[in-house]
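A.B. asks: File follows, query25.txt with compact mmCIF, C-alpha atoms and all ligand atoms:
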```
# COMPACT_ATOMS: atom_id res chain seq x y z
CA MET A 1 17.74 37.67 7.56
CA ALA A 2 14.08 36.90 6.91
CA LYS A 3 13.47 34.12 4.44
CA ARG A 4 10.74 33.70 1.86
CA ILE A 5 10.34 30.03 1.00
CA LEU A 6 8.40 28.82 -2.02
CA ILE A 7 7.17 25.23 -1.89
CA THR A 8 6.34 23.30 -5.07
CA GLY A 9 3.87 20.41 -4.84
CA SER A 10 2.15 21.83 -1.75
CA ASN A 11 -0.81 19.44 -2.17
CA GLY A 12 1.49 16.42 -1.77
CA LEU A 13 2.44 14.68 1.46
CA LEU A 14 5.74 16.47 2.02
CA GLY A 15 4.43 19.74 0.57
CA GLN A 16 1.59 19.80 3.11
CA LYS A 17 3.90 19.05 6.04
CA LEU A 18 6.28 21.81 4.94
CA VAL A 19 3.52 24.38 4.71
CA ALA A 20 2.26 23.35 8.17
CA LEU A 21 5.76 23.62 9.65
CA LEU A 22 6.96 26.80 7.98
CA ARG A 23 3.84 28.89 8.58
CA THR A 24 4.58 28.71 12.30
CA GLN A 25 8.24 29.77 12.06
CA PRO A 26 9.12 33.34 12.98
CA GLU A 27 10.79 35.46 10.28
CA ILE A 28 9.60 33.12 7.54
CA GLU A 29 7.16 33.77 4.78
CA VAL A 30 5.99 30.55 3.18
CA VAL A 31 4.40 30.60 -0.25
CA ALA A 32 2.65 27.39 -1.32
CA SER A 33 2.29 26.35 -4.95
CA SER A 34 0.79 23.40 -6.74
CA ARG A 35 -0.74 22.22 -9.94
CA GLY A 36 -4.53 22.58 -9.74
CA ALA A 37 -6.58 23.85 -6.81
CA ASN A 38 -5.05 24.56 -3.41
CA LYS A 39 -6.06 21.72 -1.06
CA LEU A 40 -4.85 23.70 1.94
CA ALA A 41 -7.04 26.76 1.29
CA THR A 42 -9.46 26.13 4.16
CA LEU A 43 -6.88 24.60 6.50
CA TYR A 44 -4.37 27.45 6.23
CA PRO A 45 -6.16 30.50 4.78
CA ASP A 46 -3.26 32.66 6.06
CA VAL A 47 -0.77 31.05 3.66
CA ARG A 48 -0.21 32.69 0.30
CA PHE A 49 -0.82 30.33 -2.61
CA VAL A 50 0.14 30.55 -6.27
CA PRO A 51 -0.81 27.99 -8.92
CA LEU A 52 2.31 26.50 -10.51
CA ASP A 53 2.80 23.61 -12.90
CA VAL A 54 6.56 23.11 -12.77
CA THR A 55 6.67 21.55 -16.22
CA ASP A 56 5.62 24.89 -17.73
CA ALA A 57 8.82 26.92 -18.17
CA ALA A 58 7.02 30.23 -18.76
CA GLN A 59 4.94 29.77 -15.60
CA VAL A 60 8.04 28.89 -13.59
CA THR A 61 9.75 32.11 -14.73
CA GLN A 62 6.63 34.17 -14.03
CA VAL A 63 5.95 32.75 -10.56
CA LEU A 64 9.53 32.84 -9.34
CA SER A 65 9.94 36.41 -10.56
CA ASP A 66 6.70 37.47 -8.83
CA VAL A 67 7.35 35.64 -5.56
CA ASN A 68 11.09 36.33 -5.51
CA PRO A 69 11.84 33.65 -2.90
CA SER A 70 15.13 33.30 -1.05
CA HIS A 71 14.66 29.50 -1.03
CA LEU A 72 12.67 27.08 -3.14
CA ILE A 73 11.87 23.64 -1.76
CA HIS A 74 11.00 21.43 -4.70
CA THR A 75 8.80 18.55 -3.58
CA ALA A 76 6.63 18.21 -6.71
CA ALA A 77 7.32 15.04 -8.67
CA MET A 78 5.73 12.05 -10.34
CA THR A 79 6.15 9.71 -7.39
CA ASN A 80 4.23 6.58 -8.41
CA VAL A 81 7.10 4.25 -9.31
CA ASP A 82 5.07 1.88 -11.50
CA GLU A 83 3.36 4.73 -13.31
CA CYS A 84 6.81 6.18 -14.09
CA GLU A 85 7.87 2.87 -15.59
CA LEU A 86 4.78 2.75 -17.81
CA ASN A 87 4.55 6.42 -18.75
CA ARG A 88 8.14 7.42 -19.25
CA ALA A 89 7.54 10.64 -21.17
CA ALA A 90 5.34 12.05 -18.40
CA CYS A 91 7.81 10.88 -15.77
CA TRP A 92 10.73 12.63 -17.51
CA GLN A 93 8.69 15.77 -17.97
CA GLN A 94 7.66 15.98 -14.30
CA ASN A 95 10.86 14.77 -12.72
CA VAL A 96 13.60 16.13 -14.99
CA THR A 97 12.28 18.84 -17.35
CA ALA A 98 10.63 20.51 -14.34
CA VAL A 99 13.97 20.63 -12.52
CA GLU A 100 15.67 22.09 -15.59
CA ASN A 101 12.99 24.81 -15.61
CA LEU A 102 13.49 25.58 -11.93
CA VAL A 103 17.28 25.57 -12.07
CA ALA A 104 17.32 27.99 -15.02
CA VAL A 105 15.33 30.57 -13.06
CA CYS A 106 16.99 29.92 -9.66
CA GLU A 107 20.34 30.64 -11.33
CA VAL A 108 19.17 34.01 -12.66
CA LEU A 109 17.50 35.05 -9.38
CA ALA A 110 20.14 33.43 -7.10
CA VAL A 111 17.48 31.38 -5.29
CA HIS A 112 18.70 28.57 -3.00
CA LEU A 113 17.18 25.43 -4.53
CA ILE A 114 16.42 22.55 -2.18
CA HIS A 115 15.61 19.56 -4.32
CA VAL A 116 14.00 16.44 -2.85
CA SER A 117 15.24 13.10 -4.13
CA THR A 118 15.06 9.42 -3.28
CA ASP A 119 16.82 6.24 -2.17
CA PHE A 120 15.63 4.83 -5.52
CA VAL A 121 18.62 6.51 -7.22
CA PHE A 122 20.58 3.57 -5.76
CA SER A 123 20.73 -0.05 -6.88
CA GLY A 124 19.95 -1.29 -3.39
CA ASN A 125 22.76 -3.84 -3.36
CA ALA A 126 24.48 -2.41 -0.33
CA GLY A 127 22.30 -0.35 1.99
CA PRO A 128 22.25 1.48 4.32
CA LEU A 129 23.82 4.23 2.24
CA ALA A 130 25.74 7.43 2.91
CA GLU A 131 25.62 10.53 0.71
CA ASP A 132 28.72 9.58 -1.27
CA ALA A 133 27.41 6.18 -2.43
CA LEU A 134 27.22 5.89 -6.21
CA PRO A 135 23.75 6.11 -7.79
CA ALA A 136 22.79 3.20 -10.06
CA PRO A 137 19.00 3.11 -10.39
CA VAL A 138 17.11 -0.09 -11.22
CA ASN A 139 13.90 1.53 -12.51
CA TYR A 140 12.78 4.51 -14.58
CA TYR A 141 11.63 6.60 -11.61
CA GLY A 142 15.14 6.21 -10.17
CA GLU A 143 16.66 7.09 -13.56
CA SER A 144 14.61 10.26 -13.73
CA LYS A 145 15.43 11.29 -10.16
CA MET A 146 19.14 10.63 -10.79
CA ALA A 147 19.03 12.77 -13.94
CA ALA A 148 17.35 15.55 -11.96
CA GLU A 149 20.06 15.36 -9.30
CA GLN A 150 22.68 15.73 -12.04
CA VAL A 151 20.94 18.87 -13.29
CA VAL A 152 20.91 20.30 -9.75
CA GLN A 153 24.53 19.43 -9.05
CA VAL A 154 25.86 21.63 -11.87
CA ALA A 155 23.60 24.57 -11.03
CA THR A 156 25.31 27.88 -10.35
CA CYS A 157 22.79 28.91 -7.66
CA PRO A 158 23.17 27.58 -4.08
CA TRP A 159 21.71 24.05 -4.09
CA SER A 160 20.96 21.17 -1.77
CA ILE A 161 19.67 17.69 -2.48
CA VAL A 162 17.62 16.07 0.28
CA ARG A 163 17.26 12.35 -0.37
CA THR A 164 14.69 10.37 1.57
CA VAL A 165 13.23 6.87 2.00
CA LEU A 166 9.72 5.37 2.23
CA VAL A 167 7.77 8.27 3.68
CA TYR A 168 4.70 7.71 5.89
CA GLY A 169 2.25 10.20 7.31
CA VAL A 170 -1.29 11.48 6.97
CA ALA A 171 -2.30 14.47 4.91
CA HIS A 172 -5.42 16.47 4.18
CA ASP A 173 -7.58 15.43 1.21
CA TYR A 174 -4.83 13.08 0.08
CA GLY A 175 -5.76 9.97 -1.89
CA ARG A 176 -2.65 7.86 -1.42
CA THR A 177 -1.82 5.39 1.29
CA ASN A 178 1.48 4.31 2.86
CA ILE A 179 2.89 1.26 4.61
CA VAL A 180 1.51 2.15 8.06
CA LEU A 181 -2.02 3.01 6.94
CA TRP A 182 -2.20 0.15 4.45
CA VAL A 183 -1.26 -2.46 7.06
CA ARG A 184 -3.53 -0.94 9.71
CA ASP A 185 -6.52 -0.68 7.38
CA SER A 186 -6.05 -4.17 5.92
CA LEU A 187 -5.73 -5.87 9.30
CA ARG A 188 -8.68 -3.95 10.67
CA ALA A 189 -10.75 -5.23 7.77
CA HIS A 190 -9.41 -8.78 8.59
CA THR A 191 -7.82 -8.89 5.12
CA PRO A 192 -4.76 -11.15 4.94
CA ILE A 193 -1.69 -9.37 3.52
CA LYS A 194 1.58 -10.50 1.96
CA VAL A 195 4.57 -8.38 2.92
CA VAL A 196 8.12 -8.69 1.65
CA ASP A 197 10.98 -9.46 3.99
CA ASP A 198 13.82 -9.21 1.45
CA GLN A 199 13.92 -5.41 1.23
CA LEU A 200 15.45 -3.03 3.74
CA ARG A 201 14.44 0.57 4.30
CA THR A 202 14.72 3.30 6.95
CA PRO A 203 11.09 4.51 6.94
CA THR A 204 10.66 8.26 7.30
CA LEU A 205 7.97 10.16 9.14
CA ALA A 206 6.73 12.93 6.81
CA GLU A 207 7.11 15.49 9.62
CA ASP A 208 10.77 14.51 10.05
CA LEU A 209 11.40 14.97 6.34
CA ALA A 210 9.81 18.43 6.46
CA GLN A 211 11.96 19.26 9.48
CA GLY A 212 15.08 18.08 7.61
CA CYS A 213 14.26 20.31 4.61
CA TRP A 214 13.63 23.22 6.97
CA LEU A 215 16.97 22.69 8.76
CA VAL A 216 18.70 22.81 5.37
CA ALA A 217 16.96 26.08 4.47
CA GLN A 218 17.43 27.61 7.92
CA GLN A 219 21.17 26.93 7.89
CA ASN A 220 21.66 27.61 4.18
CA ALA A 221 23.33 24.19 4.08
CA THR A 222 24.43 23.10 0.62
CA GLY A 223 25.28 19.68 -0.83
CA ILE A 224 23.60 16.32 -0.42
CA PHE A 225 21.83 15.21 2.77
CA HIS A 226 20.28 11.87 3.61
CA ILE A 227 17.15 12.49 5.66
CA SER A 228 15.19 9.45 6.86
CA GLY A 229 14.31 7.49 9.96
CA ASP A 230 17.19 5.66 11.62
CA GLU A 231 15.76 2.14 12.01
CA LEU A 232 16.65 -0.32 9.29
CA LEU A 233 13.56 -2.49 8.81
CA THR A 234 12.04 -4.82 6.25
CA PRO A 235 8.45 -4.07 5.21
CA TYR A 236 7.54 -7.30 7.04
CA ASP A 237 9.15 -5.95 10.26
CA MET A 238 7.20 -2.73 9.77
CA ALA A 239 3.93 -4.63 9.30
CA LEU A 240 4.49 -6.57 12.55
CA ARG A 241 5.22 -3.33 14.40
CA VAL A 242 2.08 -1.72 12.99
CA ALA A 243 0.01 -4.74 14.09
CA ASP A 244 1.51 -4.55 17.59
CA PHE A 245 1.00 -0.81 17.88
CA PHE A 246 -2.64 -0.85 16.79
CA GLY A 247 -3.41 -4.14 18.59
CA LEU A 248 -4.23 -6.04 15.39
CA ASP A 249 -3.91 -9.70 14.37
CA LYS A 250 -0.38 -10.55 13.19
CA GLN A 251 -1.56 -13.93 11.90
CA LEU A 252 -2.99 -12.10 8.90
CA ILE A 253 0.53 -11.10 7.79
CA THR A 254 2.45 -13.49 5.55
CA LYS A 255 6.14 -13.04 4.88
CA VAL A 256 7.04 -13.28 1.16
CA ASN A 257 9.90 -12.56 -1.28
CA SER A 258 9.78 -9.67 -3.74
CA ASP A 259 9.49 -12.10 -6.66
CA THR A 260 6.02 -13.05 -5.37
CA PHE A 261 4.77 -9.84 -6.97
CA THR A 262 4.90 -8.84 -10.61
CA GLN A 263 5.15 -5.08 -10.67
CA PRO A 264 6.04 -2.96 -13.71
CA ALA A 265 9.04 -1.41 -11.93
CA ARG A 266 11.81 -3.29 -10.09
CA ARG A 267 12.48 -2.16 -6.52
CA PRO A 268 16.00 -1.79 -5.13
CA PRO A 269 16.35 -4.49 -2.46
CA ARG A 270 18.43 -2.96 0.31
CA THR A 271 18.50 0.80 0.64
CA GLY A 272 17.98 2.74 3.86
CA PHE A 273 20.18 5.63 4.84
CA ILE A 274 23.03 6.45 7.14
CA ILE A 275 21.96 9.82 8.54
CA SER A 276 25.05 10.78 10.55
CA LYS A 277 25.90 13.72 8.24
CA ALA A 278 22.44 15.26 8.77
CA ARG A 279 22.69 14.69 12.53
CA ARG A 280 26.15 16.26 12.70
CA ILE A 281 25.73 19.22 10.36
CA LEU A 282 22.04 20.02 10.65
CA GLY A 283 21.23 18.71 14.14
CA TYR A 284 18.58 16.50 12.52
CA GLN A 285 16.93 14.04 14.94
CA PRO A 286 14.23 11.75 13.58
CA HIS A 287 11.43 10.17 15.60
CA SER A 288 11.56 6.41 16.13
CA PHE A 289 9.12 4.31 14.07
CA GLU A 290 7.10 3.79 17.27
CA GLU A 291 6.93 7.55 17.90
CA GLY A 292 6.02 8.13 14.26
CA MET A 293 3.09 5.72 14.51
CA ARG A 294 2.01 7.42 17.75
CA LEU A 295 1.95 10.82 16.04
CA LEU A 296 0.06 9.42 13.09
CA ALA A 297 -2.50 7.78 15.37
CA GLN A 298 -2.94 11.06 17.26
CA GLN A 299 -3.51 12.89 14.00
CA LEU A 300 -6.14 10.31 13.09
CA GLY A 301 -7.75 10.96 16.47
CA GLU A 302 -7.26 7.43 17.69
CA ILE A 303 -5.33 7.86 20.91
CA GLN A 304 -5.26 10.47 23.60
CA GLN A 305 -2.44 12.96 23.36
CA THR A 306 -0.01 12.53 26.25
CA GLY A 307 2.44 14.93 27.83
N1 LIG B 1 6.76 9.32 -0.62
C1 LIG B 1 7.86 8.59 -0.57
O1 LIG B 1 7.87 7.46 -0.05
C2 LIG B 1 9.14 9.14 -1.12
C3 LIG B 1 9.19 10.37 -1.74
N2 LIG B 1 10.38 10.86 -2.25
C4 LIG B 1 10.44 12.16 -2.90
O2 LIG B 1 9.92 13.12 -2.01
C5 LIG B 1 9.28 14.18 -2.74
C6 LIG B 1 7.91 14.44 -2.16
O3 LIG B 1 7.15 13.25 -2.25
P1 LIG B 1 5.66 13.14 -1.69
O4 LIG B 1 5.25 14.41 -1.05
O5 LIG B 1 5.57 11.87 -0.92
O6 LIG B 1 4.88 12.93 -3.07
P2 LIG B 1 3.35 13.22 -3.42
O7 LIG B 1 3.07 12.36 -4.59
O8 LIG B 1 2.51 13.14 -2.21
O9 LIG B 1 3.39 14.76 -3.85
C7 LIG B 1 3.92 15.21 -5.04
C8 LIG B 1 3.04 16.35 -5.51
O10 LIG B 1 3.62 16.89 -6.69
C9 LIG B 1 2.55 17.28 -7.52
N3 LIG B 1 3.01 17.43 -8.90
C10 LIG B 1 3.31 16.49 -9.79
N4 LIG B 1 3.65 17.04 -10.97
C11 LIG B 1 3.54 18.39 -10.81
C12 LIG B 1 3.74 19.50 -11.66
N5 LIG B 1 4.07 19.34 -12.93
N6 LIG B 1 3.59 20.74 -11.14
C13 LIG B 1 3.23 20.92 -9.86
N7 LIG B 1 2.99 19.88 -9.01
C14 LIG B 1 3.14 18.64 -9.48
C15 LIG B 1 1.53 16.16 -7.37
O11 LIG B 1 0.25 16.58 -7.80
C16 LIG B 1 1.61 15.92 -5.86
O12 LIG B 1 0.67 16.72 -5.18
C17 LIG B 1 9.31 13.75 -4.20
O13 LIG B 1 10.37 14.40 -4.86
C18 LIG B 1 9.59 12.26 -4.15
O14 LIG B 1 10.29 11.83 -5.31
C19 LIG B 1 11.53 10.14 -2.12
C20 LIG B 1 11.54 8.92 -1.52
C21 LIG B 1 10.35 8.31 -0.97
```
Would you put the structure from the file into structure tokens?
C.D. replies:
Amino acid sequence: MAKRILITGSNGLLGQKLVALLRTQPEIEVVASSRGANKLATLYPDVRFVPLDVTDAAQVTQVLSDVNPSHLIHTAAMTNVDECELNRAACWQQNVTAVENLVAVCEVLAVHLIHVSTDFVFSGNAGPLAEDALPAPVNYYGESKMAAEQVVQVATCPWSIVRTVLVYGVAHDYGRTNIVLWVRDSLRAHTPIKVVDDQLRTPTLAEDLAQGCWLVAQQNATGIFHISGDELLTPYDMALRVADFFGLDKQLITKVNSDTFTQPARRPPRTGFIISKARRILGYQPHSFEEGMRLLAQQLGEIQQTG
């Protein structure tokens, strides 16, 4: 059966990758939505766009009723962890109230809700983690994302939760950086950097995350799925790999502990995901970190495409 998939947060990193992926799938109509102007208007003029602020319950009802999607992939969120710690009311509004709004309408219209969540719902004492590990967030962003998951898990519509870890990628007209670009740009500018080696993550290529969400929608898979890369690395390991890949000076990278930095929000030390459920049920296959960097470099026009 043909699917109509509504994406929230289509100006964000994952939102953009989902729009790019889904517009090329046969039998799929993708409808993009975001707060403010559509950043993809010139890139994908073929894709239908509706403005949608997910914190506005009336707008959520209106848009979902008009679009009448079979699936909704909810990527919109307040994702800056320190900002969430400092501006808790806004964080709750964007990460929890928004999900309450969406669930209420998905239940009435029987829309399959695919909600995107995070490794930061976990304490990080015992990664890598499988789907049945117990959430115990150490910061307010994690608290809000855990509360949102709880709202989704009691929904009476079909639902899925896609949790992910440290996403990297490049997007159009997108102001934020990520570990790969930050290291590359700093080393290129000969700026020394301090990178922690007491955290573990399984960094995720944004395209892989979009593919994981699509596999969930395609197969109408319900429940929780861990979607990430499959290499357990410290940020320091990642920085060394970035330096190697782009041929930059590793001497500029200093290994430090997390307590070197004073940040408003605590970070969970060891997360990272076990992705065997997604491999088995969805056929999910992530790129390696090396392949991810290659794709990113190609997108930035830095290396010749091979093969
Ligand atoms: N980027 C990462 O490293 C990780 C992301 N995640 C989760 O993945 C999902 C997608 O993240 P990204 O695409 O990286 O984030 P992003 O920050 O690039 O995109 C989020 C988008 O949501 C939009 N947004 C915020 N409030 C909104 C509202 N009220 N109405 C409509 N749009 C609104 C923002 O303007 C932004 O364009 C989020 O749920 C995030 O919590 C989870 C783990 C790691």
A.B. asks: Write out as CSV a residue-level contact list of stretch 34-88 of chain A versus stretch 150-173 of chain A with cut-off 9 Å: for each qualifying residue the closest pair of atoms and the distance in Å to one decimal, counting only C-alpha atoms, rows sorted by chain and residue number upward.
C.D. replies:
```
residue,atom,partner,partner_atom,distance
A:Lys39,CA,A:Asp173,CA,6.9
A:Leu40,CA,A:His172,CA,7.6
A:Leu43,CA,A:His172,CA,8.6
```
A.B. asks: Starting from the point (3.6, 25.7, 7.4), work out which residues of protein, DNA or RNA have an atom no more than 12 Å away when counting all atoms listed in the file; state them as an MDAnalysis selection string.
C.D. replies: chainID A and resid 5:7 10 14:26 28:32 40 43:49 207 210:211 214
A.B. asks: Could you please extract the residues within 8 Å of ligand LIG 1 (chain B), counting all atoms listed in the file, and hand them back as a PyMOL selection string?
C.D. replies: chain A and resi 8-16+33-36+52-56+74-80+93-95+98+115-120+145+163-168+174+176+178+204+206
A.B. asks: From the list A:Leu200, A:Val242, A:Leu252, A:Ile275, which residue is nearest A:Ile224 when using only C-alpha atoms?
C.D. replies: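 That would be A:Ile275, the residue with the smallest distance to A:Ile224.
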A.B. asks: Which residues, written as JSON, numbers by chain, have at least one atom at most 8 Å from A:His287, with all atoms listed in the file counted and residues fewer than 5 positions away on the same chain left out?
C.D. replies: {"A": [205, 208, 229, 292]}
A.B. asks: Just how far from atom CA of A:Thr191 is atom CA of A:Phe246, in Å to one decimal?
C.D. replies: 15.1 Å
A.B. asks: Mind pulling up the distance from atom CA of A:Leu240 to atom CA of A:Lys194?
C.D. replies: 11.7 Å
A.B. asks: Considering all atoms listed in the file, can you say which of A:His112, A:Ser228, A:Cys213, A:Val180 comes closest to A:Leu295?
C.D. replies: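 Nearest candidate to A:Leu295 out of A:His112, A:Ser228, A:Cys213, A:Val180: A:Val180.
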A.B. asks: Name the residues in contact with A:Ser144 at a cut-off of 8 Å, using all atoms listed in the file, excluding same-chain residues fewer than 5 positions from it; report them as a PDB file with C-alpha atoms, in the frame of the given file.
C.D. replies:
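Output below, filename out.pdb:
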```pdb
ATOM      1  CA  CYS A  91       7.810  10.880 -15.770  1.00  0.00           C
ATOM      2  CA  TRP A  92      10.730  12.630 -17.510  1.00  0.00           C
ATOM      3  CA  ASN A  95      10.860  14.770 -12.720  1.00  0.00           C
ATOM      4  CA  VAL A  96      13.600  16.130 -14.990  1.00  0.00           C
TER       5      VAL A  96
END
```
A.B. asks: Measure the distance from atom CA of A:Ala189 to atom CA of A:Asp237 in Å and round it to one decimal.
C.D. replies: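 Value for the atom CA of A:Ala189-atom CA of A:Asp237 distance: 20.1 Å.
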A.B. asks: Pick out the closest residue to A:Thr262 from this set: A:Asn87, A:Val121, A:Asp82, A:Thr202. Count only C-alpha atoms.
C.D. replies: A:Asp82
A.B. asks: If you count only C-alpha atoms, which residues fall within 8 Å of A:Pro137, apart from same-chain ones fewer than 6 positions away, as a VMD selection string?
C.D. replies: chain A and resid 120 to 123 143 146 268
A.B. asks: Neighbours of A:Ala265 within 7 Å (only C-alpha atoms; same-chain residues fewer than 3 positions away dropped), as a PyMOL selection string?
C.D. replies: chain A and resi 81-82+85+139
A.B. asks: Dump as an MDAnalysis selection string all residues having an atom at most 10 Å from (20.8, 14.0, 6.2), computed in the file's coordinates with all atoms listed in the file.
C.D. replies: chainID A and resid 130:131 161:164 209 212:213 215:216 224:229 273:285
A.B. asks: Skip A:Leu248 itself and residues of its chain fewer than 2 positions away, then list as a PDB file with C-alpha atoms, in the frame of the given file all residues within 9 Å of it, counting all atoms listed in the file.
C.D. replies:
```pdb
ATOM      1  CA  ARG A 184      -3.530  -0.940   9.710  1.00  0.00           C
ATOM      2  CA  LEU A 187      -5.730  -5.870   9.300  1.00  0.00           C
ATOM      3  CA  ARG A 188      -8.680  -3.950  10.670  1.00  0.00           C
ATOM      4  CA  HIS A 190      -9.410  -8.780   8.590  1.00  0.00           C
ATOM      5  CA  VAL A 242       2.080  -1.720  12.990  1.00  0.00           C
ATOM      6  CA  ALA A 243       0.010  -4.740  14.090  1.00  0.00           C
ATOM      7  CA  ASP A 244       1.510  -4.550  17.590  1.00  0.00           C
ATOM      8  CA  PHE A 245       1.000  -0.810  17.880  1.00  0.00           C
ATOM      9  CA  PHE A 246      -2.640  -0.850  16.790  1.00  0.00           C
ATOM     10  CA  LYS A 250      -0.380 -10.550  13.190  1.00  0.00           C
ATOM     11  CA  LEU A 252      -2.990 -12.100   8.900  1.00  0.00           C
TER      12      LEU A 252
END
```
A.B. asks: Which of these residues is nearest to A:Pro203, using all atoms listed in the file: A:Leu232, A:Ala57, A:Ala217, A:Leu181?
C.D. replies: A:Leu232
A.B. asks: Rank nothing, just name the residue among A:Ala2, A:Val105, A:Thr271, A:Val195 nearest to A:Gln59, using all atoms listed in the file.
C.D. replies: A:Val105
A.B. asks: Which is closest to A:Ile193 among A:Glu290, A:Glu107, A:Glu302, A:Asp249, if we use only C-alpha atoms?
C.D. replies: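 Going through A:Glu290, A:Glu107, A:Glu302, A:Asp249 one by one, the smallest distance to A:Ile193 is for A:Asp249.
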A.B. asks: Emit a file covering stretch 251-272 of chain A of the preceding structure with N, CA and C atoms, as a short mmCIF file (atom, residue, chain, number, x, y, z; two decimals), in the first residue's frame.
C.D. replies:
```cif
data_model
loop_
_atom_site.label_atom_id
_atom_site.label_comp_id
_atom_site.auth_asym_id
_atom_site.auth_seq_id
_atom_site.Cartn_x
_atom_site.Cartn_y
_atom_site.Cartn_z
N GLN A 251 49.14 15.99 16.09
CA GLN A 251 49.80 16.59 17.26
C GLN A 251 48.95 17.70 17.87
N LEU A 252 48.03 18.22 17.10
CA LEU A 252 47.18 19.31 17.61
C LEU A 252 46.08 18.79 18.53
N ILE A 253 45.95 17.46 18.63
CA ILE A 253 44.86 16.88 19.43
C ILE A 253 45.40 16.44 20.79
N THR A 254 44.81 16.98 21.85
CA THR A 254 45.20 16.56 23.20
C THR A 254 44.07 15.77 23.84
N LYS A 255 44.45 14.66 24.43
CA LYS A 255 43.50 13.78 25.11
C LYS A 255 43.20 14.33 26.51
N VAL A 256 41.94 14.50 26.86
CA VAL A 256 41.60 15.01 28.21
C VAL A 256 40.44 14.20 28.80
N ASN A 257 40.20 14.43 30.11
CA ASN A 257 39.02 13.85 30.79
C ASN A 257 37.85 14.81 30.70
N SER A 258 36.65 14.26 30.86
CA SER A 258 35.45 15.11 30.78
C SER A 258 35.46 16.23 31.81
N ASP A 259 36.11 15.98 32.98
CA ASP A 259 36.06 17.03 34.01
C ASP A 259 36.96 18.22 33.69
N THR A 260 37.66 18.16 32.55
CA THR A 260 38.41 19.33 32.06
C THR A 260 37.46 20.46 31.70
N PHE A 261 36.25 20.07 31.26
CA PHE A 261 35.30 21.08 30.76
C PHE A 261 34.21 21.32 31.80
N THR A 262 33.81 22.59 31.94
CA THR A 262 32.62 22.85 32.74
C THR A 262 31.49 23.21 31.79
N GLN A 263 30.57 22.27 31.66
CA GLN A 263 29.42 22.48 30.78
C GLN A 263 28.16 22.47 31.64
N PRO A 264 27.13 23.22 31.25
CA PRO A 264 25.92 23.24 32.07
C PRO A 264 25.32 21.85 32.27
N ALA A 265 25.36 21.00 31.24
CA ALA A 265 24.74 19.68 31.36
C ALA A 265 25.80 18.58 31.46
N ARG A 266 25.59 17.64 32.38
CA ARG A 266 26.47 16.45 32.45
C ARG A 266 26.26 15.59 31.21
N ARG A 267 27.27 14.88 30.80
CA ARG A 267 27.14 13.93 29.69
C ARG A 267 27.25 12.51 30.24
N PRO A 268 26.44 11.59 29.73
CA PRO A 268 26.60 10.20 30.15
C PRO A 268 27.93 9.65 29.63
N PRO A 269 28.73 9.01 30.48
CA PRO A 269 30.07 8.62 30.02
C PRO A 269 30.08 7.55 28.92
N ARG A 270 29.52 6.39 29.21
CA ARG A 270 29.64 5.30 28.23
C ARG A 270 28.27 4.90 27.72
N THR A 271 27.94 5.35 26.52
CA THR A 271 26.69 4.89 25.91
C THR A 271 27.08 4.02 24.71
N GLY A 272 26.63 4.37 23.54
CA GLY A 272 26.85 3.52 22.38
C GLY A 272 25.80 2.42 22.39
#
```
